Amino acid sequence: MSFENLGLSVELLGAVKKEGYTTPTPIQTKAIPAIFNGRDILAGAQTGTGKTAAFALPMLQMLSKNPSLKKRRKPRALVLTPTRELAAQVGTSMQAYGRRLSLRIMMVYGGVNINPQIDRFQRGVDIVVATPGRLLDHAQRHTIDLSQIEFLVLDEADRMLDMGFIKDIQKIVSYLPENRQNLLFSATYTGSIRKFADNLLDNPEHIEVARRNTAAEMVTQYVHPVERGRKRELLSSLIRGEKWNQVLVFTRTKHGANRLTRQLMSDGIKAAAIHGNKSQNVRTRTLADFKKGLVRTLVATDVAARGLDINRLPHVVNFDLPNVPEDYVHRIGRSGRAGQNGVAVSLVCRDDHGFLLNIQKLLKQKISIKEIEGFQMEKKTKTSAQKTPGKRSQSLWRPKGRKPASNGRRGRSTQAAPGRNRSSNTQIPGGRRRNVRA
Ligand code: AMP
């Protein structure tokens, strides 16, 4: 299959060639003809599959073939994304693909002054790429007129639902005309996505290019067991020893990202943090520095990293494992993109064990455990003596100084595994069972 066979115009063929794309990716091969046929789309595609071009190319072509004759153009396509970074990235890609077309493409997100956005709407735009919050703000102030929308794209819809945007999206949809084409892209198919899609899409064509809930195939994954207090030391040692020059590191919290960044800097490793408390300008500049190689290590939280598109990113590190297993899939998808090989390593201490089990359950595979010389975890003599051959890795993870069954009181290390029921029945001395809130 070639881009020519997909029926793209000369202008768009020139644009994909300029981007260096020689053959369409599977999602592009399937989605582009369906969109040209006017179908709604429900596409299961992970990040890095080329999904942006899959919806952008046919949409740009259809809009430019039928240009708006109005002097003050109203938006005809709306693309919603979960994060500002993703909106910026998708908007930039669309501008590149549409460089030889006379369509006006605008990115709209919060964290920046709203007035220039209002001015631009007044001058007229054709395509708006936006985050739900700021877009809804405009719709409610009547500074944007959404009555002429012909295409609605929901990019990374699962993430938008995870981030609690469902109500905002429903409100935005109420401003749109009934007659429109809807294109929904999601990395995972949860029950809530299915329900959401049922309400929104009209007889959609189902497209799936990656197996459900599988990690990006080009990424080699390892778990490095390590004591919690030695994670930073191990990370610095890996970055320096393995000569990693571009590493994306995930922490669970913004505070954790800041602290780790400071510690890496004090180890002589150029690092910067990117998270929701950083202003949009700082986030944009930090990402640019990372892409240019001025910053060796980018420490990010899940939300901030969601929209990052960094070509050939070779290393992703889970400094903390995510407590939502799907986030692991999104995280490692930053590496090994568009046919490149990548490595994702997770630094896992005893407290992370529950998170690891849930991730492995989702992936339906065990992640290889690789101990690093000098950082092996302290083994308990008692459990080692009881161990049977082949069970080594399990006792390795058992909470330090505790037996598997607790006495009903919860210590830090007996934290309930994430995703489990919030209450659990725990055996107490005397044989009675009582309910313990997690
Ligand atoms: P996306 O999944 O849209 O975020 O795209 C991931 C990466 O793949 C981006 O860097 C795109 O520029 C790149 N890409 C998209 N389509 C193709 C293609 N047909 N051939 C090679 N790279 C592509």
# chains A, B, ... in the order shown; residues from 1 in each chain; ligands from 1

call {"tool": "residues_near_ligand", "arguments": {"ligand": "ligand 1", "cutoff": "6 Å", "atoms": "only C-alpha atoms and all ligand atoms", "output": "list in words"}}
result
Tyr21, Thr22, Thr23, Pro24, Thr25, Thr47, Gly48, Thr49, Gly50, Lys51, Thr52, Ala53, Asn311 and Ala338 of chain A

call {"tool": "write_last_selection", "arguments": {"atoms": "C-alpha atoms", "output": "PDB file, in the first residue's frame"}}
result
ATOM      1  CA  TYR A  21       7.049   9.010   5.363  1.00  0.00           C
ATOM      2  CA  THR A  22       7.477   6.437   2.614  1.00  0.00           C
ATOM      3  CA  THR A  23       4.666   3.974   3.362  1.00  0.00           C
ATOM      4  CA  PRO A  24       1.472   4.424   5.329  1.00  0.00           C
ATOM      5  CA  THR A  25       1.325   2.798   8.764  1.00  0.00           C
ATOM      6  CA  THR A  47       0.531   6.365  20.580  1.00  0.00           C
ATOM      7  CA  GLY A  48       3.344   6.143  18.037  1.00  0.00           C
ATOM      8  CA  THR A  49       1.272   4.301  15.439  1.00  0.00           C
ATOM      9  CA  GLY A  50       0.910   7.350  13.168  1.00  0.00           C
ATOM     10  CA  LYS A  51      -2.677   8.041  14.231  1.00  0.00           C
ATOM     11  CA  THR A  52      -2.357  11.826  13.850  1.00  0.00           C
ATOM     12  CA  ALA A  53      -1.718  11.591  10.111  1.00  0.00           C
ATOM     13  CA  ASN A 311      11.482  10.599  17.858  1.00  0.00           C
ATOM     14  CA  ALA A 338       7.571   4.574  14.540  1.00  0.00           C
TER      15      ALA A 338
END

call {"tool": "select_by_dssp", "arguments": {"residues": "range 101-320 of chain A", "states": "strand (DSSP E)", "output": "PDB file with N, CA and C atoms, in the first residue's frame"}}
result
ATOM      1  N   ILE A 105      -5.222  26.682  10.774  1.00  0.00           N
ATOM      2  CA  ILE A 105      -5.244  25.714  11.886  1.00  0.00           C
ATOM      3  C   ILE A 105      -4.777  26.421  13.149  1.00  0.00           C
ATOM      4  N   MET A 106      -5.530  26.248  14.216  1.00  0.00           N
ATOM      5  CA  MET A 106      -5.205  26.988  15.444  1.00  0.00           C
ATOM      6  C   MET A 106      -5.217  26.054  16.655  1.00  0.00           C
ATOM      7  N   MET A 107      -4.249  26.246  17.534  1.00  0.00           N
ATOM      8  CA  MET A 107      -4.213  25.467  18.770  1.00  0.00           C
ATOM      9  C   MET A 107      -4.801  26.318  19.898  1.00  0.00           C
ATOM     10  N   VAL A 108      -5.612  25.669  20.730  1.00  0.00           N
ATOM     11  CA  VAL A 108      -6.302  26.393  21.803  1.00  0.00           C
ATOM     12  C   VAL A 108      -6.180  25.596  23.104  1.00  0.00           C
ATOM     13  N   ILE A 127      -9.698  24.976  11.416  1.00  0.00           N
ATOM     14  CA  ILE A 127      -9.508  23.787  12.267  1.00  0.00           C
ATOM     15  C   ILE A 127      -9.010  24.222  13.638  1.00  0.00           C
ATOM     16  N   VAL A 128      -9.652  23.723  14.681  1.00  0.00           N
ATOM     17  CA  VAL A 128      -9.229  24.050  16.042  1.00  0.00           C
ATOM     18  C   VAL A 128      -8.762  22.760  16.721  1.00  0.00           C
ATOM     19  N   VAL A 129      -7.553  22.802  17.254  1.00  0.00           N
ATOM     20  CA  VAL A 129      -7.030  21.672  18.020  1.00  0.00           C
ATOM     21  C   VAL A 129      -6.949  22.153  19.464  1.00  0.00           C
ATOM     22  N   ALA A 130      -7.705  21.518  20.361  1.00  0.00           N
ATOM     23  CA  ALA A 130      -7.877  22.127  21.685  1.00  0.00           C
ATOM     24  C   ALA A 130      -7.911  21.106  22.810  1.00  0.00           C
ATOM     25  N   PHE A 151     -16.277  17.956  11.408  1.00  0.00           N
ATOM     26  CA  PHE A 151     -15.502  16.816  11.942  1.00  0.00           C
ATOM     27  C   PHE A 151     -15.227  17.039  13.431  1.00  0.00           C
ATOM     28  N   LEU A 152     -15.471  15.997  14.214  1.00  0.00           N
ATOM     29  CA  LEU A 152     -15.045  16.019  15.616  1.00  0.00           C
ATOM     30  C   LEU A 152     -14.069  14.866  15.800  1.00  0.00           C
ATOM     31  N   VAL A 153     -12.848  15.188  16.246  1.00  0.00           N
ATOM     32  CA  VAL A 153     -11.852  14.140  16.511  1.00  0.00           C
ATOM     33  C   VAL A 153     -11.587  14.105  18.011  1.00  0.00           C
ATOM     34  N   LEU A 154     -11.661  12.922  18.605  1.00  0.00           N
ATOM     35  CA  LEU A 154     -11.280  12.767  20.006  1.00  0.00           C
ATOM     36  C   LEU A 154      -9.999  11.942  20.019  1.00  0.00           C
ATOM     37  N   GLN A 181     -19.040  14.244  11.198  1.00  0.00           N
ATOM     38  CA  GLN A 181     -18.301  12.972  11.196  1.00  0.00           C
ATOM     39  C   GLN A 181     -17.467  12.905  12.470  1.00  0.00           C
ATOM     40  N   ASN A 182     -17.558  11.800  13.187  1.00  0.00           N
ATOM     41  CA  ASN A 182     -16.842  11.671  14.467  1.00  0.00           C
ATOM     42  C   ASN A 182     -15.733  10.628  14.360  1.00  0.00           C
ATOM     43  N   LEU A 183     -14.551  10.994  14.820  1.00  0.00           N
ATOM     44  CA  LEU A 183     -13.410  10.082  14.746  1.00  0.00           C
ATOM     45  C   LEU A 183     -12.835   9.941  16.153  1.00  0.00           C
ATOM     46  N   LEU A 184     -12.917   8.741  16.706  1.00  0.00           N
ATOM     47  CA  LEU A 184     -12.460   8.552  18.089  1.00  0.00           C
ATOM     48  C   LEU A 184     -11.253   7.606  18.105  1.00  0.00           C
ATOM     49  N   PHE A 185     -10.172   8.080  18.719  1.00  0.00           N
ATOM     50  CA  PHE A 185      -8.943   7.280  18.824  1.00  0.00           C
ATOM     51  C   PHE A 185      -8.658   7.026  20.301  1.00  0.00           C
ATOM     52  N   SER A 186      -8.337   5.776  20.617  1.00  0.00           N
ATOM     53  CA  SER A 186      -8.087   5.439  22.011  1.00  0.00           C
ATOM     54  C   SER A 186      -7.060   4.307  22.073  1.00  0.00           C
ATOM     55  N   GLU A 205     -16.970   2.585  12.004  1.00  0.00           N
ATOM     56  CA  GLU A 205     -16.109   1.504  11.520  1.00  0.00           C
ATOM     57  C   GLU A 205     -15.077   1.241  12.623  1.00  0.00           C
ATOM     58  N   HIS A 206     -14.981  -0.011  13.026  1.00  0.00           N
ATOM     59  CA  HIS A 206     -14.034  -0.355  14.097  1.00  0.00           C
ATOM     60  C   HIS A 206     -12.686  -0.667  13.478  1.00  0.00           C
ATOM     61  N   ILE A 207     -11.675  -0.002  13.977  1.00  0.00           N
ATOM     62  CA  ILE A 207     -10.331  -0.234  13.443  1.00  0.00           C
ATOM     63  C   ILE A 207      -9.418  -0.531  14.614  1.00  0.00           C
ATOM     64  N   GLU A 208      -8.701  -1.626  14.506  1.00  0.00           N
ATOM     65  CA  GLU A 208      -7.753  -1.912  15.592  1.00  0.00           C
ATOM     66  C   GLU A 208      -6.432  -2.342  14.988  1.00  0.00           C
ATOM     67  N   VAL A 219       9.454  -2.213  22.253  1.00  0.00           N
ATOM     68  CA  VAL A 219      10.147  -1.804  23.485  1.00  0.00           C
ATOM     69  C   VAL A 219      10.570  -3.020  24.310  1.00  0.00           C
ATOM     70  N   THR A 220      11.854  -3.103  24.628  1.00  0.00           N
ATOM     71  CA  THR A 220      12.354  -4.158  25.506  1.00  0.00           C
ATOM     72  C   THR A 220      12.179  -3.677  26.942  1.00  0.00           C
ATOM     73  N   GLN A 221      11.587  -4.526  27.760  1.00  0.00           N
ATOM     74  CA  GLN A 221      11.267  -4.076  29.124  1.00  0.00           C
ATOM     75  C   GLN A 221      12.027  -4.887  30.175  1.00  0.00           C
ATOM     76  N   TYR A 222      12.511  -4.182  31.183  1.00  0.00           N
ATOM     77  CA  TYR A 222      13.168  -4.841  32.318  1.00  0.00           C
ATOM     78  C   TYR A 222      12.679  -4.256  33.623  1.00  0.00           C
ATOM     79  N   VAL A 223      12.733  -5.100  34.650  1.00  0.00           N
ATOM     80  CA  VAL A 223      12.530  -4.619  36.021  1.00  0.00           C
ATOM     81  C   VAL A 223      13.880  -4.725  36.717  1.00  0.00           C
ATOM     82  N   HIS A 224      14.337  -3.643  37.328  1.00  0.00           N
ATOM     83  CA  HIS A 224      15.547  -3.703  38.149  1.00  0.00           C
ATOM     84  C   HIS A 224      15.112  -3.628  39.615  1.00  0.00           C
ATOM     85  N   PRO A 225      15.225  -4.731  40.366  1.00  0.00           N
ATOM     86  CA  PRO A 225      14.873  -4.655  41.789  1.00  0.00           C
ATOM     87  C   PRO A 225      15.888  -3.785  42.521  1.00  0.00           C
ATOM     88  N   VAL A 247      16.993  10.440  28.174  1.00  0.00           N
ATOM     89  CA  VAL A 247      16.205   9.558  29.034  1.00  0.00           C
ATOM     90  C   VAL A 247      14.965  10.290  29.534  1.00  0.00           C
ATOM     91  N   LEU A 248      13.837   9.638  29.404  1.00  0.00           N
ATOM     92  CA  LEU A 248      12.610  10.186  29.982  1.00  0.00           C
ATOM     93  C   LEU A 248      12.311   9.372  31.237  1.00  0.00           C
ATOM     94  N   VAL A 249      12.247  10.061  32.385  1.00  0.00           N
ATOM     95  CA  VAL A 249      12.053   9.371  33.660  1.00  0.00           C
ATOM     96  C   VAL A 249      10.686   9.751  34.221  1.00  0.00           C
ATOM     97  N   PHE A 250       9.933   8.753  34.652  1.00  0.00           N
ATOM     98  CA  PHE A 250       8.608   9.036  35.214  1.00  0.00           C
ATOM     99  C   PHE A 250       8.603   8.926  36.726  1.00  0.00           C
ATOM    100  N   ALA A 271      19.387  17.710  34.063  1.00  0.00           N
ATOM    101  CA  ALA A 271      18.012  17.211  34.128  1.00  0.00           C
ATOM    102  C   ALA A 271      17.039  18.372  34.237  1.00  0.00           C
ATOM    103  N   ALA A 272      15.807  18.140  33.821  1.00  0.00           N
ATOM    104  CA  ALA A 272      14.758  19.145  33.981  1.00  0.00           C
ATOM    105  C   ALA A 272      13.451  18.424  34.241  1.00  0.00           C
ATOM    106  N   ALA A 273      12.561  19.105  34.969  1.00  0.00           N
ATOM    107  CA  ALA A 273      11.269  18.487  35.300  1.00  0.00           C
ATOM    108  C   ALA A 273      10.164  19.095  34.451  1.00  0.00           C
ATOM    109  N   ILE A 274       9.174  18.273  34.129  1.00  0.00           N
ATOM    110  CA  ILE A 274       8.025  18.774  33.375  1.00  0.00           C
ATOM    111  C   ILE A 274       6.776  18.205  34.048  1.00  0.00           C
ATOM    112  N   THR A 297      18.241  14.401  30.762  1.00  0.00           N
ATOM    113  CA  THR A 297      17.190  13.642  31.437  1.00  0.00           C
ATOM    114  C   THR A 297      15.977  14.518  31.692  1.00  0.00           C
ATOM    115  N   LEU A 298      14.840  14.065  31.213  1.00  0.00           N
ATOM    116  CA  LEU A 298      13.598  14.788  31.455  1.00  0.00           C
ATOM    117  C   LEU A 298      12.799  13.978  32.467  1.00  0.00           C
ATOM    118  N   VAL A 299      12.462  14.622  33.596  1.00  0.00           N
ATOM    119  CA  VAL A 299      11.712  13.923  34.642  1.00  0.00           C
ATOM    120  C   VAL A 299      10.274  14.407  34.566  1.00  0.00           C
ATOM    121  N   ALA A 300       9.349  13.478  34.373  1.00  0.00           N
ATOM    122  CA  ALA A 300       7.974  13.900  34.085  1.00  0.00           C
ATOM    123  C   ALA A 300       6.956  13.121  34.896  1.00  0.00           C
ATOM    124  N   HIS A 315      15.396   5.596  25.753  1.00  0.00           N
ATOM    125  CA  HIS A 315      15.247   5.077  27.109  1.00  0.00           C
ATOM    126  C   HIS A 315      14.115   5.735  27.890  1.00  0.00           C
ATOM    127  N   VAL A 316      13.285   4.881  28.449  1.00  0.00           N
ATOM    128  CA  VAL A 316      12.246   5.359  29.363  1.00  0.00           C
ATOM    129  C   VAL A 316      12.478   4.657  30.692  1.00  0.00           C
ATOM    130  N   VAL A 317      12.442   5.410  31.786  1.00  0.00           N
ATOM    131  CA  VAL A 317      12.651   4.816  33.107  1.00  0.00           C
ATOM    132  C   VAL A 317      11.428   5.087  33.977  1.00  0.00           C
ATOM    133  N   ASN A 318      10.899   4.037  34.573  1.00  0.00           N
ATOM    134  CA  ASN A 318       9.856   4.212  35.585  1.00  0.00           C
ATOM    135  C   ASN A 318      10.556   4.274  36.932  1.00  0.00           C
TER     136      ASN A 318
END

call {"tool": "closest_atom_pairs", "arguments": {"of": "range 58-174 of chain A", "to": "range 3-16 of chain A", "cutoff": "9 Å", "atoms": "only C-alpha atoms", "output": "tab-separated table"}}
result
residue	atom	partner	partner_atom	distance
A:Pro58	CA	A:Leu8	CA	7.4
A:Leu60	CA	A:Leu12	CA	8.5
A:Gln61	CA	A:Ser9	CA	7.0
A:Ala96	CA	A:Ala15	CA	7.1
A:Tyr97	CA	A:Ala15	CA	5.2
A:Gly98	CA	A:Leu12	CA	7.0
A:Arg99	CA	A:Ala15	CA	7.4
A:Arg100	CA	A:Glu11	CA	5.9
A:Leu101	CA	A:Glu11	CA	7.2

call {"tool": "write_last_selection", "arguments": {"atoms": "C-alpha atoms", "output": "PDB file, in the first residue's frame"}}
result
ATOM      1  CA  PRO A  58      -8.149  12.858   4.924  1.00  0.00           C
ATOM      2  CA  LEU A  60      -7.389  18.275   5.527  1.00  0.00           C
ATOM      3  CA  GLN A  61      -8.112  17.016   2.037  1.00  0.00           C
ATOM      4  CA  ALA A  96       3.045  20.714   8.470  1.00  0.00           C
ATOM      5  CA  TYR A  97       0.765  18.354   6.531  1.00  0.00           C
ATOM      6  CA  GLY A  98      -1.435  21.237   5.384  1.00  0.00           C
ATOM      7  CA  ARG A  99       1.373  23.648   4.547  1.00  0.00           C
ATOM      8  CA  ARG A 100       0.370  23.781   0.868  1.00  0.00           C
ATOM      9  CA  LEU A 101      -3.343  24.163   1.578  1.00  0.00           C
TER      10      LEU A 101
END

call {"tool": "atom_distance", "arguments": {"atom1": "CA of Gln360 in chain A", "atom2": "CA of His330 in chain A"}}
result
14.3 Å

call {"tool": "select_by_dssp", "arguments": {"residues": "range 147-177 of chain A", "states": "helix (DSSP H, G or I)", "output": "PyMOL selection string"}}
result
chain A and resi 157-162+166-174

call {"tool": "atom_distance", "arguments": {"atom1": "CA of Asp126 in chain A", "atom2": "CA of Arg104 in chain A"}}
result
5.1 Å

call {"tool": "closest_residue", "arguments": {"among": "A:Leu356, A:Ser147, A:Gly276, A:Phe165", "to": "Glu178 in chain A", "atoms": "only C-alpha atoms"}}
result
A:Ser147

call {"tool": "residues_around", "arguments": {"residues": "Tyr328 in chain A", "least_positions_apart": "4", "cutoff": "9 Å", "atoms": "only C-alpha atoms", "output": "PDB file with N, CA and C atoms, in the first residue's frame"}}
result
ATOM      1  N   ALA A 215       1.772  -3.720  25.468  1.00  0.00           N
ATOM      2  CA  ALA A 215       2.806  -2.685  25.489  1.00  0.00           C
ATOM      3  C   ALA A 215       3.350  -2.533  24.071  1.00  0.00           C
ATOM      4  N   ASN A 318      10.899   4.037  34.573  1.00  0.00           N
ATOM      5  CA  ASN A 318       9.856   4.212  35.585  1.00  0.00           C
ATOM      6  C   ASN A 318      10.556   4.274  36.932  1.00  0.00           C
ATOM      7  N   LEU A 321       6.638   3.108  39.747  1.00  0.00           N
ATOM      8  CA  LEU A 321       5.664   2.474  38.855  1.00  0.00           C
ATOM      9  C   LEU A 321       4.350   3.247  38.960  1.00  0.00           C
ATOM     10  N   PRO A 322       3.608   3.345  37.880  1.00  0.00           N
ATOM     11  CA  PRO A 322       2.329   4.061  37.971  1.00  0.00           C
ATOM     12  C   PRO A 322       1.298   3.228  38.741  1.00  0.00           C
ATOM     13  N   ASN A 323       0.377   3.894  39.443  1.00  0.00           N
ATOM     14  CA  ASN A 323      -0.632   3.095  40.155  1.00  0.00           C
ATOM     15  C   ASN A 323      -1.800   2.727  39.253  1.00  0.00           C
ATOM     16  N   VAL A 324      -1.885   3.339  38.062  1.00  0.00           N
ATOM     17  CA  VAL A 324      -2.876   2.917  37.068  1.00  0.00           C
ATOM     18  C   VAL A 324      -2.100   2.102  36.025  1.00  0.00           C
ATOM     19  N   ILE A 332       5.682   3.607  28.358  1.00  0.00           N
ATOM     20  CA  ILE A 332       6.716   2.947  27.558  1.00  0.00           C
ATOM     21  C   ILE A 332       6.505   3.203  26.075  1.00  0.00           C
ATOM     22  N   GLY A 333       5.285   3.636  25.718  1.00  0.00           N
ATOM     23  CA  GLY A 333       5.005   3.999  24.322  1.00  0.00           C
ATOM     24  C   GLY A 333       5.783   5.231  23.870  1.00  0.00           C
ATOM     25  N   ILE A 359       0.368  -4.513  36.591  1.00  0.00           N
ATOM     26  CA  ILE A 359       0.856  -4.196  35.236  1.00  0.00           C
ATOM     27  C   ILE A 359       1.039  -5.495  34.453  1.00  0.00           C
TER      28      ILE A 359
END
